[in-house]
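Okay, structure first, notes after.
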Amino acid sequence: MIRRDFLIKTGAVTGILLLRNTGADAHTIDKDLKFTALEKPESEWRKLLSQDQYHILFDEGTEPAGSSPLDHEKRVGTFICAACYLPLFESTTKYNSGTGWPSFYQSIPDRVVKKRDLILIIP
């Protein structure tokens with residue numbers, strides 16, 4: 001299984017926020033920008049994030065199914081990373097997968113890195 005596909009299909013993207021598109025006050029996001037990984041020491045990320053957020057975002061942890069209020073989020077907007085605030089998913093690509101996690105069928109291009117994930121096969 002490819003980690004990107006798993007994240008998109010199951011929505012294990014804990015710690016993301018929804019920016020509401022409300023006209024003139026909305027955040028403007030240039031969808032043509034390509035981002036590179038942000039380099040920060042581990043200590044800096046730990047200062048910015050809760051222990052759970054750090055574990056999920058950097059240690060490949062997963063929040064308990066059904067624990068994220070974003071699973072039921074219906075507003076129009078953009079889901080962004082809780083660590084670096086870069087846009088990851090548009091609300092128009094969100095769907096109810098019945099898994100208990102926010103689920104998306106597509107990420108914003110060049111925002112999510114693919115990684116082969118064998119953790120379910122090789123503990």
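We name chains A, B, ... following the order of the structure tokens; residues begin at 1 in each chain, and ligands are numbered from 1 as shown.
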
So that I can check the surroundings of region 37-47 of chain A, please list as an MDAnalysis selection string every protein, DNA and RNA residue that reaches within 9 Å of it, counting only C-alpha atoms and ignoring chain neighbours fewer than 3 positions away.
chainID A and resid 50:51 54 83:84

Give me every strand (DSSP E) residue in region 78-107 of chain A, going by DSSP on the backbone, as a ChimeraX atom specification.
/A:78-80,87-90,94-95,103-104

Export N, CA, C and O atoms of the chosen residues as a tab-separated table (two decimals), in the first residue's frame?
```
chain	number	residue	atom	x	y	z
A	78	THR	N	-10.29	24.84	2.58
A	78	THR	CA	-9.06	24.11	2.32
A	78	THR	C	-8.54	23.53	3.63
A	78	THR	O	-8.45	24.24	4.62
A	79	PHE	N	-8.19	22.26	3.62
A	79	PHE	CA	-7.61	21.61	4.79
A	79	PHE	C	-6.10	21.81	4.72
A	79	PHE	O	-5.48	21.56	3.70
A	80	ILE	N	-5.54	22.28	5.84
A	80	ILE	CA	-4.11	22.61	5.86
A	80	ILE	C	-3.40	21.79	6.94
A	80	ILE	O	-4.02	21.28	7.86
A	87	PRO	N	-1.44	24.13	2.49
A	87	PRO	CA	-2.70	23.51	2.07
A	87	PRO	C	-2.46	22.09	1.55
A	87	PRO	O	-1.50	21.84	0.81
A	88	LEU	N	-3.32	21.15	1.95
A	88	LEU	CA	-3.18	19.75	1.55
A	88	LEU	C	-4.34	19.25	0.71
A	88	LEU	O	-4.15	18.53	-0.26
A	89	PHE	N	-5.57	19.59	1.13
A	89	PHE	CA	-6.76	19.05	0.48
A	89	PHE	C	-7.82	20.14	0.35
A	89	PHE	O	-7.98	20.97	1.24
A	90	GLU	N	-8.58	20.10	-0.74
A	90	GLU	CA	-9.74	20.96	-0.92
A	90	GLU	C	-10.97	20.24	-0.38
A	90	GLU	O	-11.08	19.02	-0.51
A	94	LYS	N	-13.42	15.93	-0.42
A	94	LYS	CA	-13.71	15.18	0.81
A	94	LYS	C	-14.97	14.34	0.60
A	94	LYS	O	-15.89	14.76	-0.07
A	95	TYR	N	-14.96	13.15	1.18
A	95	TYR	CA	-16.14	12.29	1.11
A	95	TYR	C	-16.25	11.47	2.39
A	95	TYR	O	-15.30	11.38	3.16
A	103	SER	N	-11.83	11.81	4.93
A	103	SER	CA	-11.32	11.10	3.75
A	103	SER	C	-11.38	11.99	2.52
A	103	SER	O	-12.32	12.76	2.35
A	104	PHE	N	-10.36	11.86	1.69
A	104	PHE	CA	-10.24	12.66	0.47
A	104	PHE	C	-9.85	11.75	-0.67
A	104	PHE	O	-9.04	10.85	-0.49
```

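You can rank A:Ala82, A:Leu120, A:Pro109, A:Pro102 by their closest distance to Phe58 (chain A) using only C-alpha atoms, and at the top of that list sits A:Ala82.
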
Find the spatial neighbours of Leu70 (chain A), counting only C-alpha atoms, within a cut-off of 8 Å - ignore same-chain residues fewer than 2 positions away - and output them as number ranges by chain.
A: 17, 68, 72-73, 101-102

Between A:Gly100, A:Glu60, A:Gly77, A:Ala65, which has the minimum distance to Ile119 (chain A) (counting only C-alpha atoms)?
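Using only C-alpha atoms, Ile119 (chain A) sits closest to A:Glu60.
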